[in-house]
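Since the structure comes first, as structure tokens, the remarks are kept for the end.
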Amino acid sequence: MKRLEKENHNTKEYYNKSFIEHFNESGLDYSDTWRVEALLEDYKGGKLLDIGCGVCPLVNEAQERYKDEVWGVDFADDIIKTLKINFSEINYAVADFYNLPFEDKYFDYVVLGEVLEHSEDPVKLITEALRVLKQGGILAVSVPLNETEKNHIYKQHIWSFTEEDIEKLIPNIFYKKEIGNTFVCKALKV
């Protein structure tokens, strides 16, 4: 794991502005449905949590397919308010990713889709995601792979990961796939 940015540019103000603009122009972001499908491939119903949901349609897709309890959390409070109004059948909440407002072992399936690279402390984020995941539950993760200072164009990406980095951070990976420059993996909580 290599730090790309000295300063953390991931602010609530930035994401509120960015997500609200996107939602007002285009609605949810269906630009990478392949990633959503890969992350949801092993979801067969049950309680699902998408940490850092933003304007990703993952929770909407999960809710549509299984009608189970799904949650999307983000620290960007304005987009959460907007999503609650537009998708009242889904549970949305403003949350601190390092201190989630859920009891231990509550969820069957937890998603960290394109979030770890934005996190000041990826280890703490993974630890918190695993805390709220039931024994036998699945953690699904996607991250950009092998960003460098030269090919790194999104200053909100604090970290660059290799496949080996993710395998060291996340125990019990049973599925992994590289799609373009994105790594998707799933781990079983034992």
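Letters for chains follow the order of the structure tokens (A, B, ...), residue numbers begin at 1 for each chain, and ligand numbers begin at 1 in the order shown.
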
Fill in: Spatial neighbours of stretch 112-128 of chain A, 7 Å, only C-alpha atoms, chain gap at least 2 places, as a ChimeraX atom specification
/A:10,50-52,97-99,110,130-132,140-143,156-160,169

Those selected residues, please, written with N, CA and C atoms and delivered as a PDB file, in the first residue's frame.
ATOM      1  N   ASN A  10     -10.570  14.387   0.751  1.00  0.00           N
ATOM      2  CA  ASN A  10     -11.907  13.791   0.858  1.00  0.00           C
ATOM      3  C   ASN A  10     -12.720  14.514   1.925  1.00  0.00           C
ATOM      4  N   ASP A  50     -23.827  -0.943   2.213  1.00  0.00           N
ATOM      5  CA  ASP A  50     -22.868  -0.338   1.280  1.00  0.00           C
ATOM      6  C   ASP A  50     -22.259   0.868   1.981  1.00  0.00           C
ATOM      7  N   ILE A  51     -20.979   0.744   2.350  1.00  0.00           N
ATOM      8  CA  ILE A  51     -20.258   1.817   3.042  1.00  0.00           C
ATOM      9  C   ILE A  51     -19.668   2.752   1.992  1.00  0.00           C
ATOM     10  N   GLY A  52     -20.042   4.028   2.062  1.00  0.00           N
ATOM     11  CA  GLY A  52     -19.588   4.999   1.070  1.00  0.00           C
ATOM     12  C   GLY A  52     -20.411   4.908  -0.195  1.00  0.00           C
ATOM     13  N   PHE A  97     -17.474   6.275   8.824  1.00  0.00           N
ATOM     14  CA  PHE A  97     -17.103   4.935   8.362  1.00  0.00           C
ATOM     15  C   PHE A  97     -16.264   4.166   9.382  1.00  0.00           C
ATOM     16  N   TYR A  98     -15.616   4.870  10.302  1.00  0.00           N
ATOM     17  CA  TYR A  98     -14.780   4.217  11.308  1.00  0.00           C
ATOM     18  C   TYR A  98     -15.544   3.912  12.590  1.00  0.00           C
ATOM     19  N   ASN A  99     -16.797   4.336  12.650  1.00  0.00           N
ATOM     20  CA  ASN A  99     -17.631   4.114  13.826  1.00  0.00           C
ATOM     21  C   ASN A  99     -19.079   3.989  13.357  1.00  0.00           C
ATOM     22  N   VAL A 110     -21.454  -6.964   3.341  1.00  0.00           N
ATOM     23  CA  VAL A 110     -20.958  -5.589   3.458  1.00  0.00           C
ATOM     24  C   VAL A 110     -20.109  -5.276   2.242  1.00  0.00           C
ATOM     25  N   LEU A 130     -15.765  -5.365   9.088  1.00  0.00           N
ATOM     26  CA  LEU A 130     -15.830  -6.739   9.591  1.00  0.00           C
ATOM     27  C   LEU A 130     -16.554  -6.819  10.938  1.00  0.00           C
ATOM     28  N   ARG A 131     -16.489  -5.756  11.720  1.00  0.00           N
ATOM     29  CA  ARG A 131     -17.197  -5.748  13.008  1.00  0.00           C
ATOM     30  C   ARG A 131     -18.704  -5.906  12.817  1.00  0.00           C
ATOM     31  N   VAL A 132     -19.252  -5.224  11.813  1.00  0.00           N
ATOM     32  CA  VAL A 132     -20.710  -5.265  11.612  1.00  0.00           C
ATOM     33  C   VAL A 132     -21.154  -6.441  10.743  1.00  0.00           C
ATOM     34  N   ALA A 140     -17.432  -7.618   0.335  1.00  0.00           N
ATOM     35  CA  ALA A 140     -17.118  -7.434  -1.084  1.00  0.00           C
ATOM     36  C   ALA A 140     -16.411  -6.085  -1.247  1.00  0.00           C
ATOM     37  N   VAL A 141     -15.270  -6.094  -1.936  1.00  0.00           N
ATOM     38  CA  VAL A 141     -14.415  -4.909  -2.039  1.00  0.00           C
ATOM     39  C   VAL A 141     -13.995  -4.692  -3.485  1.00  0.00           C
ATOM     40  N   SER A 142     -13.956  -3.422  -3.892  1.00  0.00           N
ATOM     41  CA  SER A 142     -13.310  -3.085  -5.158  1.00  0.00           C
ATOM     42  C   SER A 142     -12.430  -1.867  -4.940  1.00  0.00           C
ATOM     43  N   VAL A 143     -11.266  -1.877  -5.596  1.00  0.00           N
ATOM     44  CA  VAL A 143     -10.311  -0.762  -5.534  1.00  0.00           C
ATOM     45  C   VAL A 143      -9.623  -0.626  -6.889  1.00  0.00           C
ATOM     46  N   GLN A 156      -8.493  12.688  -4.782  1.00  0.00           N
ATOM     47  CA  GLN A 156      -9.185  12.111  -3.641  1.00  0.00           C
ATOM     48  C   GLN A 156      -8.698  10.691  -3.334  1.00  0.00           C
ATOM     49  N   HIS A 157      -7.922  10.099  -4.236  1.00  0.00           N
ATOM     50  CA  HIS A 157      -7.331   8.785  -3.973  1.00  0.00           C
ATOM     51  C   HIS A 157      -6.063   8.994  -3.152  1.00  0.00           C
ATOM     52  N   ILE A 158      -6.129   8.626  -1.893  1.00  0.00           N
ATOM     53  CA  ILE A 158      -4.990   8.791  -0.986  1.00  0.00           C
ATOM     54  C   ILE A 158      -3.994   7.654  -1.146  1.00  0.00           C
ATOM     55  N   TRP A 159      -4.511   6.451  -1.424  1.00  0.00           N
ATOM     56  CA  TRP A 159      -3.691   5.243  -1.444  1.00  0.00           C
ATOM     57  C   TRP A 159      -3.726   4.545  -2.797  1.00  0.00           C
ATOM     58  N   SER A 160      -2.628   3.888  -3.109  1.00  0.00           N
ATOM     59  CA  SER A 160      -2.552   2.973  -4.239  1.00  0.00           C
ATOM     60  C   SER A 160      -2.376   1.568  -3.679  1.00  0.00           C
ATOM     61  N   LEU A 169      -4.429  -7.191   3.625  1.00  0.00           N
ATOM     62  CA  LEU A 169      -5.374  -6.426   4.446  1.00  0.00           C
ATOM     63  C   LEU A 169      -6.645  -7.198   4.782  1.00  0.00           C
TER      64      LEU A 169
END

Practice prompt. Pick out each residue of chain A that DSSP on the backbone tags as strand (DSSP E or B); I need them as a PyMOL selection string.
Written response: chain A and resi 2-3+48-51+70-74+91-94+107-113+133-145+159-161+173-179+182-188

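From atom CA of A:Phe174 back to atom CA of A:Met1, the distance works out to 20.8 Å.
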
Practice prompt. Find the residues near stretch 61-66 of chain A: any atom within 12 Å, counting only C-alpha atoms, skip ones fewer than 2 places away on the same chain, and give them as an NGL selection string.
Written response: :A and (28 or 30 or 33 or 36-37 or 39-50 or 56-59 or 68-72 or 87-91 or 109-111)

I need the chosen residues saved as a compact mmCIF listing (two decimals), in the first residue's frame, with C-alpha atoms.
# COMPACT_ATOMS: atom_id res chain seq x y z
CA LEU A 28 -27.60 7.46 -9.92
CA TYR A 30 -24.69 3.65 -13.82
CA THR A 33 -22.57 -1.42 -13.80
CA VAL A 36 -21.86 -3.25 -9.24
CA GLU A 37 -22.67 -6.66 -10.76
CA LEU A 39 -19.76 -6.81 -6.13
CA LEU A 40 -23.32 -8.18 -5.91
CA GLU A 41 -22.66 -11.50 -7.65
CA ASP A 42 -22.64 -13.48 -4.37
CA TYR A 43 -25.42 -11.53 -2.67
CA LYS A 44 -28.42 -13.83 -2.33
CA GLY A 45 -30.50 -11.72 0.03
CA GLY A 46 -30.21 -10.75 3.66
CA LYS A 47 -29.08 -7.57 5.35
CA LEU A 48 -26.70 -5.60 3.13
CA LEU A 49 -24.59 -2.52 3.90
CA ASP A 50 -22.87 -0.34 1.28
CA CYS A 56 -23.81 4.27 -6.73
CA PRO A 57 -26.92 2.20 -7.56
CA LEU A 58 -25.70 -0.90 -5.69
CA VAL A 59 -28.23 -0.72 -2.83
CA ASP A 68 -34.46 -7.34 1.96
CA GLU A 69 -33.04 -4.83 4.40
CA VAL A 70 -30.40 -2.78 2.60
CA TRP A 71 -28.49 0.21 3.89
CA GLY A 72 -26.39 2.83 2.15
CA PHE A 87 -35.64 6.18 -2.71
CA SER A 88 -37.74 5.87 0.44
CA GLU A 89 -37.75 2.04 0.34
CA ILE A 90 -34.00 2.00 1.04
CA ASN A 91 -32.38 2.79 4.36
CA TYR A 109 -23.14 -8.72 3.26
CA VAL A 110 -20.96 -5.59 3.46
CA VAL A 111 -19.63 -3.68 0.46

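Proximity ranking of A:Asp74, A:Ile79, A:Arg3, A:Ala187 relative to A:Ser18 places A:Ile79 first, based on only C-alpha atoms.
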
Discussion item. Report as a PyMOL selection string all protein, DNA and RNA residues lying within 12 Å of A:Asn151, evaluated on only C-alpha atoms, omitting residues in the same chain fewer than 4 positions from it.
Written reply: chain A and resi 4+144-147+155+157+160+181

Item to complete: Any chance you could list, as a ChimeraX atom specification, the residues in stretch 53-104 of chain A that come up helix (DSSP H, G or I) when DSSP is run on the backbone?
Response: /A:58-66,77-86

Using C-alpha atoms, can you write the selected residues to a file as a PDB file, in the first residue's frame?
ATOM      1  CA  LEU A  58     -25.699  -0.899  -5.686  1.00  0.00           C
ATOM      2  CA  VAL A  59     -28.226  -0.722  -2.825  1.00  0.00           C
ATOM      3  CA  ASN A  60     -31.025   0.011  -5.296  1.00  0.00           C
ATOM      4  CA  GLU A  61     -30.112  -3.073  -7.312  1.00  0.00           C
ATOM      5  CA  ALA A  62     -29.918  -5.236  -4.179  1.00  0.00           C
ATOM      6  CA  GLN A  63     -33.284  -3.946  -2.940  1.00  0.00           C
ATOM      7  CA  GLU A  64     -34.933  -4.486  -6.313  1.00  0.00           C
ATOM      8  CA  ARG A  65     -33.719  -8.087  -6.537  1.00  0.00           C
ATOM      9  CA  TYR A  66     -34.360  -9.321  -3.007  1.00  0.00           C
ATOM     10  CA  ASP A  77     -25.141  14.400   4.413  1.00  0.00           C
ATOM     11  CA  ASP A  78     -26.718  16.367   1.540  1.00  0.00           C
ATOM     12  CA  ILE A  79     -26.674  13.412  -0.843  1.00  0.00           C
ATOM     13  CA  ILE A  80     -28.061  11.130   1.877  1.00  0.00           C
ATOM     14  CA  LYS A  81     -30.980  13.555   2.374  1.00  0.00           C
ATOM     15  CA  THR A  82     -31.584  13.578  -1.393  1.00  0.00           C
ATOM     16  CA  LEU A  83     -31.408   9.788  -1.677  1.00  0.00           C
ATOM     17  CA  LYS A  84     -33.831   9.334   1.248  1.00  0.00           C
ATOM     18  CA  ILE A  85     -36.359  11.534  -0.540  1.00  0.00           C
ATOM     19  CA  ASN A  86     -35.978   9.795  -3.906  1.00  0.00           C
TER      20      ASN A  86
END

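Distance annotation: of A:Tyr154, A:Ala38, A:Tyr15, A:Ala76, the residue with the minimal separation from A:Lys176 is A:Ala38; atom set is only C-alpha atoms.
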